[in-house]
Amino acid sequence: MAIINLANPSRFLALATRTIPWLGGLTLLVFAFAINQAMSAPDDYQQGATVKIMFLHVPGAWLGMLGWLVMTVAALGTLVWRHPLADVVAKAAAPIGAAFTLMCLVTGSLWGRPMWGTYWVWDARLTSMLVLFLLYLGVIAVWRTVEDPSRAARAAAILALVGALDLPIIKFSVDWWNTLHQGSSIFRMGGPTIDPSILIPLLIMALAFTLLFATLLLAATRNEILRRRVRAMRLMQASAAA
Amino acid sequence: MLAANHLGYIVAAYVAAVVVVGALVGWVTLDYRILRRTLADLERRGFSRRSGSSAAAHAGPALKKAREDA
Amino acid sequence: MRLAAVDLACRRGARDVFAGVSFAVASGEALTIRGRNGAGKSSLLRQVAGLVRIAGGQLTIEGGDPELTIGEQAHYLGHQDALKSSLSVAENLRFWAGFFDAGSTDLEKPLTAVGLGGLADLPAAYLSAGQRRRLSIARLLAVKRPIWLLDEPTSTLDQPAQERLAEFMRSHLTGGGLILVATHGDVGLDGAQELRLDSSFSRSSECGHGGDG
Amino acid sequence: MTPLAAILVRDMRLSVRVGGGALMGVLFFVTVVTLMPFALGPDLVLLKRIGPAILWLAALLASLLALDRLFAADHDDGSLDLILMGRMPLELVVAAKALAHWLTTGLPLIVAAPLIGLLLDLDAPAEGALVLTLIAGTPALTFIGLVGAAIAVTLRRGGLLLAVIVLPLTVPVLIFGVAAANAAVGGTVPFGTPFTVLCALSLASSAVGPFAAAAALRQEME
């Protein structure tokens, strides 16, 4: 359907309420299949069974970045196309993206423990994800400190855009910083070529997580619309009783 | 780094993932339920109890408009 | 209870705001303070409230609670409303009632009296300027203090709210309280004493005058 | 509810609501600690050795962060005038505000510190020492910062001035905090000595702080 009529909050609410259960069900289905595939995947010759953590770690990283991509597109929606739902989607995406980035960091740390003997190594990829996580917290902080939603939306949108521009630079500079100092991290995360027997379960897990992300985003956006509605009705309540 | 089977860490990782996903799902559903209740309460109460139906009536159409463009 | 000032003087920074101001207000009486902007109406009220240092003269109170200062027996309604936008109407009033040791009083009555009865759990951010001022006035009703110091209380109030305020002031006076109100217009208090602060008092010594009245 | 409880509950509620500064301290703390390795290099051996120092410096700066709004917010909306006209002594009111600030800024720091310590590869004894020293040290930071906030309340650009006023005053807390945190990991000094001095600093500042802050507020009011 055209994006235009999605712009009307009530129609979006009705659509969301209908699709969320189906999407949730599909997510569960794909997850069941993915978990099964992941568990039956062979151990990696080098990392042993801990490769199974990769099935959580890598999708977490992808969703972390996907979340920021969603926020960037929503930011353009807010600032350029003036789409009424854009800022609501951006506000909904921030905590979800942050949560998956956190999952990526935690699983990465648990994956590194048996390899390097420490919970955290300033490996290039892990460090970039940490900076991304801090950027997410910054955007959430903007939403939580600016009271007026439209002002908060514009501020968060600009931060998302600037973040989107800065992330590749951060990625590059962290890589350079890491290789420059070439400290103790002797082991590169997830070797260059991944054996198909591991790649397929990984892709299915990634699909399952992406569906989960979509369901959560839809539900969180619906919540934000309802929150806006509560706010509008409270304003109405104040003015009516003036 | 031997290819030992670090079951503990794998379980910990999956527990962490379940915790994060569980928190997200819990937060979204709880938030939805609270918002539904607040909305129902606001609608049922109309606006200020003291001003009775008149304010609610005159605010009725405004209320519908608020629902549209919120 | 009797509040008396003799040759009261006030300096703000290098400027003499006013000097030689005397008045006496007993229970059940009101004093209307008039004067141009910058004549020091607010400074006089803040001096009585104990918020501004008294540069000269005496300010005494007879009767009332001997242990308490004048400020601790007074309500001050300034230009600002002392409300927190992220707290609800009820939370704001509950805080001030709790802070002024009247925690257990019923808040519904003052809120309804100022016409905010139905908005108890509405965040103060949504209130209009007039509603915020009426919420401050509710503080005066919720906590019983004999002296009211009102600084242009009607500035953001509409006509019905002003009449309601005049009604509150009259009942406060008949209840034995006393009121000092700085205003430009009429606040509906007939029989109140008048005190005119005109700028002839405020001699600006070395540098030019600054700051508000 | 007593006046002190009213102030405590209100300040806590304000800092948690939208616009409040509750978790800002922790966010700043995490960011500062994350920045250090970018400057010092990813070498865990080095980071482990100066870990406690980095964490303590970050905690010190983080706990000052939310302080400048402590009185300025009340001053700007007129609440400070009414607080001065309350029957509760100002010293107790200021102490209640300090407690509210510590609960919303200091405590989250103490909870977050061990997790962030993992980034600098701190081992268990170092983490334990870090938490202990933060528990003993953050009250001192809050009460010293309290005085700075009271002095800076009516001044324009008070926030900037606050850091300049307060940081020198917190030097002893930093010295003994880091000394105690390092002592637990090794080194000549036993853990007890710097730790007791740190506790003494906290007790002293919690006694002097409110009086100095209340006096400063009264001075500022004209």
# chains A, B, ... in the order shown; residues from 1 in each chain; ligands from 1
>>> interface_residues(of="chain C", to="chain A", cutoff="7 Å", atoms="only C-alpha atoms", output="VMD selection string")
chain C and resid 119 122 126 to 127
>>> write_last_selection(atoms="all heavy atoms", output="PDB file, in the first residue's frame")
ATOM      1  N   LEU C 119      -7.872  18.205  37.279  1.00  0.00           N
ATOM      2  CA  LEU C 119      -6.572  18.052  36.599  1.00  0.00           C
ATOM      3  C   LEU C 119      -5.502  17.530  37.546  1.00  0.00           C
ATOM      4  O   LEU C 119      -4.312  17.719  37.319  1.00  0.00           O
ATOM      5  CB  LEU C 119      -6.138  19.423  36.045  1.00  0.00           C
ATOM      6  CG  LEU C 119      -7.174  20.142  35.168  1.00  0.00           C
ATOM      7  CD1 LEU C 119      -6.632  21.502  34.754  1.00  0.00           C
ATOM      8  CD2 LEU C 119      -7.500  19.295  33.954  1.00  0.00           C
ATOM      9  N   LEU C 122      -2.532  15.705  36.101  1.00  0.00           N
ATOM     10  CA  LEU C 122      -2.015  16.198  34.822  1.00  0.00           C
ATOM     11  C   LEU C 122      -0.655  16.836  35.054  1.00  0.00           C
ATOM     12  O   LEU C 122      -0.501  17.629  35.975  1.00  0.00           O
ATOM     13  CB  LEU C 122      -3.003  17.265  34.303  1.00  0.00           C
ATOM     14  CG  LEU C 122      -2.721  17.860  32.939  1.00  0.00           C
ATOM     15  CD1 LEU C 122      -3.055  16.856  31.852  1.00  0.00           C
ATOM     16  CD2 LEU C 122      -3.545  19.133  32.739  1.00  0.00           C
ATOM     17  N   TYR C 126       1.587  20.905  31.136  1.00  0.00           N
ATOM     18  CA  TYR C 126       0.457  21.157  30.224  1.00  0.00           C
ATOM     19  C   TYR C 126      -0.391  22.356  30.650  1.00  0.00           C
ATOM     20  O   TYR C 126      -1.287  22.748  29.936  1.00  0.00           O
ATOM     21  CB  TYR C 126      -0.456  19.922  30.169  1.00  0.00           C
ATOM     22  CG  TYR C 126       0.214  18.683  29.647  1.00  0.00           C
ATOM     23  CD1 TYR C 126       0.180  17.493  30.352  1.00  0.00           C
ATOM     24  CD2 TYR C 126       0.930  18.708  28.454  1.00  0.00           C
ATOM     25  CE1 TYR C 126       0.809  16.352  29.882  1.00  0.00           C
ATOM     26  CE2 TYR C 126       1.577  17.576  27.979  1.00  0.00           C
ATOM     27  CZ  TYR C 126       1.511  16.405  28.694  1.00  0.00           C
ATOM     28  OH  TYR C 126       2.156  15.269  28.229  1.00  0.00           O
ATOM     29  N   LEU C 127      -0.090  22.924  31.821  1.00  0.00           N
ATOM     30  CA  LEU C 127      -0.961  24.006  32.307  1.00  0.00           C
ATOM     31  C   LEU C 127      -0.638  25.319  31.611  1.00  0.00           C
ATOM     32  O   LEU C 127       0.518  25.565  31.235  1.00  0.00           O
ATOM     33  CB  LEU C 127      -0.779  24.188  33.823  1.00  0.00           C
ATOM     34  CG  LEU C 127      -1.137  23.003  34.712  1.00  0.00           C
ATOM     35  CD1 LEU C 127      -0.871  23.361  36.169  1.00  0.00           C
ATOM     36  CD2 LEU C 127      -2.610  22.631  34.538  1.00  0.00           C
TER      37      LEU C 127
END
>>> residues_around(residues="Leu23 (chain A)", least_positions_apart="5", cutoff="9 Å", atoms="only C-alpha atoms", output="ChimeraX atom specification")
/A:28,211-212,214-215
>>> write_last_selection(atoms="N, CA, C and O atoms", output="CSV table (one decimal), in the first residue's frame")
chain,number,residue,atom,x,y,z
A,28,LEU,N,8.6,-16.6,15.8
A,28,LEU,CA,8.9,-17.8,16.7
A,28,LEU,C,9.2,-19.0,15.8
A,28,LEU,O,10.1,-19.7,16.1
A,211,LEU,N,13.4,-10.5,11.9
A,211,LEU,CA,12.0,-10.6,12.1
A,211,LEU,C,11.6,-10.1,13.5
A,211,LEU,O,10.7,-9.3,13.7
A,212,LEU,N,12.4,-10.6,14.5
A,212,LEU,CA,12.1,-10.1,15.9
A,212,LEU,C,12.2,-8.6,16.0
A,212,LEU,O,11.4,-7.9,16.5
A,214,ALA,N,11.8,-6.5,13.6
A,214,ALA,CA,10.7,-5.8,12.9
A,214,ALA,C,9.4,-5.8,13.8
A,214,ALA,O,8.7,-4.8,14.0
A,215,THR,N,9.2,-7.0,14.5
A,215,THR,CA,8.0,-7.1,15.3
A,215,THR,C,8.1,-6.1,16.5
A,215,THR,O,7.2,-5.3,16.8
>>> interface_residues(of="chain A", to="chain D", cutoff="6 Å", atoms="only C-alpha atoms", output="count of residues only")
6
>>> closest_atom_pairs(of="chain D", to="chain C", cutoff="7 Å", atoms="only C-alpha atoms", output="tab-separated table")
residue	atom	partner	partner_atom	distance
D:Met1	CA	C:Gly103	CA	5.6
D:Thr2	CA	C:Gly98	CA	6.1
D:Pro3	CA	C:Phe99	CA	3.9
D:Ala6	CA	C:Gly98	CA	5.6
D:Ile7	CA	C:Phe99	CA	6.9
D:Arg10	CA	C:Phe95	CA	6.9
D:Leu14	CA	C:Ser86	CA	6.9
D:Arg17	CA	C:Ser86	CA	6.6
D:Asp77	CA	C:Ala82	CA	5.0
D:Gly78	CA	C:Ala82	CA	4.6
D:Ser79	CA	C:Ala82	CA	4.4
D:Asp81	CA	C:Leu51	CA	6.9
D:Met85	CA	C:Glu72	CA	5.1
D:Gly86	CA	C:Glu72	CA	5.8
D:Arg87	CA	C:Glu72	CA	5.7
D:Met221	CA	C:Leu51	CA	6.4
D:Glu222	CA	C:Val52	CA	4.8
>>> atom_distance(atom1="CA of Ala5 (chain D)", atom2="CA of Met88 (chain D)")
11.4 Å
>>> atom_distance(atom1="CA of Ala161 (chain C)", atom2="CA of Gly28 (chain C)")
22.3 Å
>>> interface_residues(of="chain A", to="chain B", cutoff="9 Å", atoms="only C-alpha atoms", output="VMD selection string")
chain A and resid 8 to 10 43 to 53 56 to 57 95 to 96 99 to 100 102 to 104 106 to 111 113 to 116 212 216 219 to 220 222 to 223 225 to 234 236 to 238 240 to 241
>>> closest_atom_pairs(of="chain C", to="chain B", cutoff="10 Å", atoms="only C-alpha atoms", output="JSON lines")
{"residue": "C:Thr112", "atom": "CA", "partner": "B:Arg50", "partner_atom": "CA", "distance": 8.5}
{"residue": "C:Gly115", "atom": "CA", "partner": "B:Arg50", "partner_atom": "CA", "distance": 9.0}
{"residue": "C:Leu116", "atom": "CA", "partner": "B:Ser48", "partner_atom": "CA", "distance": 8.4}
{"residue": "C:Gly117", "atom": "CA", "partner": "B:Ser48", "partner_atom": "CA", "distance": 7.1}
{"residue": "C:Gly118", "atom": "CA", "partner": "B:Ser48", "partner_atom": "CA", "distance": 4.0}
{"residue": "C:Leu119", "atom": "CA", "partner": "B:Ser48", "partner_atom": "CA", "distance": 6.6}
{"residue": "C:Ala120", "atom": "CA", "partner": "B:Ser48", "partner_atom": "CA", "distance": 9.5}
>>> write_last_selection(atoms="all heavy atoms", output="compact mmCIF listing (two decimals), in the first residue's frame")
# COMPACT_ATOMS: atom_id res chain seq x y z
N THR C 112 -9.97 22.24 44.00
CA THR C 112 -11.30 22.54 43.44
C THR C 112 -11.61 24.02 43.60
O THR C 112 -12.17 24.65 42.70
CB THR C 112 -12.36 21.70 44.19
OG1 THR C 112 -11.78 20.44 44.51
CG2 THR C 112 -13.58 21.49 43.33
N GLY C 115 -10.34 25.87 40.87
CA GLY C 115 -10.81 25.42 39.56
C GLY C 115 -9.88 24.46 38.87
O GLY C 115 -9.88 24.35 37.64
N LEU C 116 -9.03 23.74 39.61
CA LEU C 116 -8.15 22.74 38.98
C LEU C 116 -8.52 21.34 39.45
O LEU C 116 -7.72 20.42 39.36
CB LEU C 116 -6.69 23.05 39.33
CG LEU C 116 -6.13 24.37 38.82
CD1 LEU C 116 -4.73 24.61 39.39
CD2 LEU C 116 -6.08 24.38 37.30
N GLY C 117 -9.73 21.20 39.95
CA GLY C 117 -10.12 19.93 40.59
C GLY C 117 -9.90 18.72 39.69
O GLY C 117 -9.30 17.74 40.09
N GLY C 118 -10.28 18.82 38.39
CA GLY C 118 -10.24 17.62 37.54
C GLY C 118 -8.86 17.33 36.99
O GLY C 118 -8.65 16.34 36.31
N LEU C 119 -7.87 18.20 37.28
CA LEU C 119 -6.57 18.05 36.60
C LEU C 119 -5.50 17.53 37.55
O LEU C 119 -4.31 17.72 37.32
CB LEU C 119 -6.14 19.42 36.05
CG LEU C 119 -7.17 20.14 35.17
CD1 LEU C 119 -6.63 21.50 34.75
CD2 LEU C 119 -7.50 19.29 33.95
N ALA C 120 -5.93 16.86 38.63
CA ALA C 120 -4.97 16.51 39.69
C ALA C 120 -3.74 15.77 39.14
O ALA C 120 -2.61 16.09 39.48
CB ALA C 120 -5.66 15.65 40.74
>>> atom_distance(atom1="CA of Gly67 (chain A)", atom2="CA of Leu134 (chain A)")
13.7 Å
>>> residues_around(residues="Ser128 (chain A)", least_positions_apart="2", cutoff="7 Å", atoms="only C-alpha atoms", output="PyMOL selection string")
chain A and resi 124-126+130-132+170-171+174
>>> write_last_selection(atoms="N, CA, C and O atoms", output="PDB file, in the first residue's frame")
ATOM      1  N   ALA A 124      39.130  -4.432  17.310  1.00  0.00           N
ATOM      2  CA  ALA A 124      38.585  -3.344  16.485  1.00  0.00           C
ATOM      3  C   ALA A 124      37.063  -3.432  16.390  1.00  0.00           C
ATOM      4  O   ALA A 124      36.347  -2.483  16.710  1.00  0.00           O
ATOM      5  N   ARG A 125      36.554  -4.618  16.056  1.00  0.00           N
ATOM      6  CA  ARG A 125      35.097  -4.691  15.805  1.00  0.00           C
ATOM      7  C   ARG A 125      34.326  -4.489  17.102  1.00  0.00           C
ATOM      8  O   ARG A 125      33.362  -3.727  17.172  1.00  0.00           O
ATOM      9  N   LEU A 126      34.809  -5.150  18.165  1.00  0.00           N
ATOM     10  CA  LEU A 126      34.094  -5.018  19.452  1.00  0.00           C
ATOM     11  C   LEU A 126      34.078  -3.559  19.898  1.00  0.00           C
ATOM     12  O   LEU A 126      33.062  -3.039  20.356  1.00  0.00           O
ATOM     13  N   LEU A 130      31.078  -0.957  20.758  1.00  0.00           N
ATOM     14  CA  LEU A 130      30.946  -0.250  22.049  1.00  0.00           C
ATOM     15  C   LEU A 130      30.656   1.230  21.802  1.00  0.00           C
ATOM     16  O   LEU A 130      29.763   1.826  22.419  1.00  0.00           O
ATOM     17  N   VAL A 131      31.360   1.816  20.842  1.00  0.00           N
ATOM     18  CA  VAL A 131      31.128   3.242  20.541  1.00  0.00           C
ATOM     19  C   VAL A 131      29.706   3.420  20.002  1.00  0.00           C
ATOM     20  O   VAL A 131      28.983   4.363  20.373  1.00  0.00           O
ATOM     21  N   LEU A 132      29.266   2.453  19.179  1.00  0.00           N
ATOM     22  CA  LEU A 132      27.887   2.528  18.656  1.00  0.00           C
ATOM     23  C   LEU A 132      26.897   2.497  19.819  1.00  0.00           C
ATOM     24  O   LEU A 132      25.926   3.264  19.863  1.00  0.00           O
ATOM     25  N   ILE A 170      34.354   6.254  12.503  1.00  0.00           N
ATOM     26  CA  ILE A 170      34.735   5.607  13.768  1.00  0.00           C
ATOM     27  C   ILE A 170      35.296   4.222  13.463  1.00  0.00           C
ATOM     28  O   ILE A 170      36.358   3.825  13.969  1.00  0.00           O
ATOM     29  N   LYS A 171      34.576   3.502  12.591  1.00  0.00           N
ATOM     30  CA  LYS A 171      35.002   2.129  12.252  1.00  0.00           C
ATOM     31  C   LYS A 171      36.438   2.162  11.710  1.00  0.00           C
ATOM     32  O   LYS A 171      37.312   1.433  12.187  1.00  0.00           O
ATOM     33  N   VAL A 174      39.012   3.241  14.439  1.00  0.00           N
ATOM     34  CA  VAL A 174      39.232   2.210  15.472  1.00  0.00           C
ATOM     35  C   VAL A 174      40.077   1.080  14.887  1.00  0.00           C
ATOM     36  O   VAL A 174      41.006   0.574  15.526  1.00  0.00           O
TER      37      VAL A 174
END
>>> select_by_dssp(residues="region 73-233 of chain A", states="alpha helix (DSSP H)", output="PyMOL selection string")
chain A and resi 73-79+86-116+124-145+149-181+196-233
>>> residues_around(residues="region 107-110 of chain D", least_positions_apart="6", cutoff="8 Å", atoms="only C-alpha atoms", output="list in words")
Leu23, Gly25, Val26, Phe29, Ala59, Val131, Leu134 and Ile135 of chain D
>>> residues_around(residues="Leu165 (chain C)", least_positions_apart="4", cutoff="9 Å", atoms="only C-alpha atoms", output="VMD selection string")
chain C and resid 114 134 137 153 to 154 160 to 161 169 to 170 187 to 188
>>> decode(residues="region 2-24 of chain B", atoms="N, CA and C atoms", output="PDB file, in the first residue's frame")
ATOM      1  N   LEU B   2      42.792 -24.232  22.876  1.00  0.00           N
ATOM      2  CA  LEU B   2      42.322 -25.554  22.452  1.00  0.00           C
ATOM      3  C   LEU B   2      40.835 -25.488  22.072  1.00  0.00           C
ATOM      4  N   ALA B   3      40.420 -26.396  21.216  1.00  0.00           N
ATOM      5  CA  ALA B   3      39.005 -26.399  20.823  1.00  0.00           C
ATOM      6  C   ALA B   3      38.220 -27.094  21.913  1.00  0.00           C
ATOM      7  N   ALA B   4      38.382 -26.621  23.146  1.00  0.00           N
ATOM      8  CA  ALA B   4      37.675 -27.295  24.254  1.00  0.00           C
ATOM      9  C   ALA B   4      36.206 -26.894  24.172  1.00  0.00           C
ATOM     10  N   ASN B   5      35.390 -27.638  24.854  1.00  0.00           N
ATOM     11  CA  ASN B   5      33.964 -27.358  24.745  1.00  0.00           C
ATOM     12  C   ASN B   5      33.559 -26.487  25.929  1.00  0.00           C
ATOM     13  N   HIS B   6      33.592 -25.168  25.758  1.00  0.00           N
ATOM     14  CA  HIS B   6      33.299 -24.253  26.879  1.00  0.00           C
ATOM     15  C   HIS B   6      31.786 -24.132  27.023  1.00  0.00           C
ATOM     16  N   LEU B   7      31.158 -25.175  27.481  1.00  0.00           N
ATOM     17  CA  LEU B   7      29.688 -25.149  27.548  1.00  0.00           C
ATOM     18  C   LEU B   7      29.213 -23.967  28.385  1.00  0.00           C
ATOM     19  N   GLY B   8      29.924 -23.717  29.480  1.00  0.00           N
ATOM     20  CA  GLY B   8      29.478 -22.649  30.389  1.00  0.00           C
ATOM     21  C   GLY B   8      29.288 -21.332  29.650  1.00  0.00           C
ATOM     22  N   TYR B   9      30.275 -20.990  28.820  1.00  0.00           N
ATOM     23  CA  TYR B   9      30.186 -19.682  28.161  1.00  0.00           C
ATOM     24  C   TYR B   9      29.062 -19.665  27.123  1.00  0.00           C
ATOM     25  N   ILE B  10      28.869 -20.788  26.471  1.00  0.00           N
ATOM     26  CA  ILE B  10      27.788 -20.806  25.466  1.00  0.00           C
ATOM     27  C   ILE B  10      26.451 -20.604  26.148  1.00  0.00           C
ATOM     28  N   VAL B  11      26.269 -21.337  27.244  1.00  0.00           N
ATOM     29  CA  VAL B  11      24.987 -21.208  27.968  1.00  0.00           C
ATOM     30  C   VAL B  11      24.828 -19.765  28.443  1.00  0.00           C
ATOM     31  N   ALA B  12      25.937 -19.218  28.981  1.00  0.00           N
ATOM     32  CA  ALA B  12      25.849 -17.836  29.491  1.00  0.00           C
ATOM     33  C   ALA B  12      25.434 -16.892  28.366  1.00  0.00           C
ATOM     34  N   ALA B  13      26.017 -17.110  27.179  1.00  0.00           N
ATOM     35  CA  ALA B  13      25.701 -16.212  26.050  1.00  0.00           C
ATOM     36  C   ALA B  13      24.218 -16.322  25.705  1.00  0.00           C
ATOM     37  N   TYR B  14      23.711 -17.554  25.630  1.00  0.00           N
ATOM     38  CA  TYR B  14      22.294 -17.713  25.263  1.00  0.00           C
ATOM     39  C   TYR B  14      21.383 -17.170  26.353  1.00  0.00           C
ATOM     40  N   VAL B  15      21.817 -17.337  27.621  1.00  0.00           N
ATOM     41  CA  VAL B  15      21.001 -16.768  28.703  1.00  0.00           C
ATOM     42  C   VAL B  15      20.970 -15.244  28.555  1.00  0.00           C
ATOM     43  N   ALA B  16      22.142 -14.672  28.254  1.00  0.00           N
ATOM     44  CA  ALA B  16      22.188 -13.209  28.097  1.00  0.00           C
ATOM     45  C   ALA B  16      21.254 -12.765  26.971  1.00  0.00           C
ATOM     46  N   ALA B  17      21.286 -13.526  25.869  1.00  0.00           N
ATOM     47  CA  ALA B  17      20.430 -13.152  24.726  1.00  0.00           C
ATOM     48  C   ALA B  17      18.962 -13.243  25.133  1.00  0.00           C
ATOM     49  N   VAL B  18      18.619 -14.325  25.839  1.00  0.00           N
ATOM     50  CA  VAL B  18      17.210 -14.482  26.253  1.00  0.00           C
ATOM     51  C   VAL B  18      16.815 -13.339  27.184  1.00  0.00           C
ATOM     52  N   VAL B  19      17.745 -12.957  28.064  1.00  0.00           N
ATOM     53  CA  VAL B  19      17.432 -11.863  28.997  1.00  0.00           C
ATOM     54  C   VAL B  19      17.152 -10.569  28.224  1.00  0.00           C
ATOM     55  N   VAL B  20      18.042 -10.266  27.264  1.00  0.00           N
ATOM     56  CA  VAL B  20      17.868  -9.009  26.509  1.00  0.00           C
ATOM     57  C   VAL B  20      16.548  -9.043  25.736  1.00  0.00           C
ATOM     58  N   VAL B  21      16.317 -10.139  25.021  1.00  0.00           N
ATOM     59  CA  VAL B  21      15.095 -10.214  24.199  1.00  0.00           C
ATOM     60  C   VAL B  21      13.867 -10.206  25.111  1.00  0.00           C
ATOM     61  N   GLY B  22      13.974 -10.955  26.227  1.00  0.00           N
ATOM     62  CA  GLY B  22      12.843 -10.993  27.163  1.00  0.00           C
ATOM     63  C   GLY B  22      12.528  -9.609  27.696  1.00  0.00           C
ATOM     64  N   ALA B  23      13.597  -8.866  28.032  1.00  0.00           N
ATOM     65  CA  ALA B  23      13.380  -7.504  28.565  1.00  0.00           C
ATOM     66  C   ALA B  23      12.676  -6.651  27.516  1.00  0.00           C
ATOM     67  N   LEU B  24      13.151  -6.760  26.268  1.00  0.00           N
ATOM     68  CA  LEU B  24      12.538  -5.946  25.205  1.00  0.00           C
ATOM     69  C   LEU B  24      11.062  -6.287  25.047  1.00  0.00           C
TER      70      LEU B  24
END
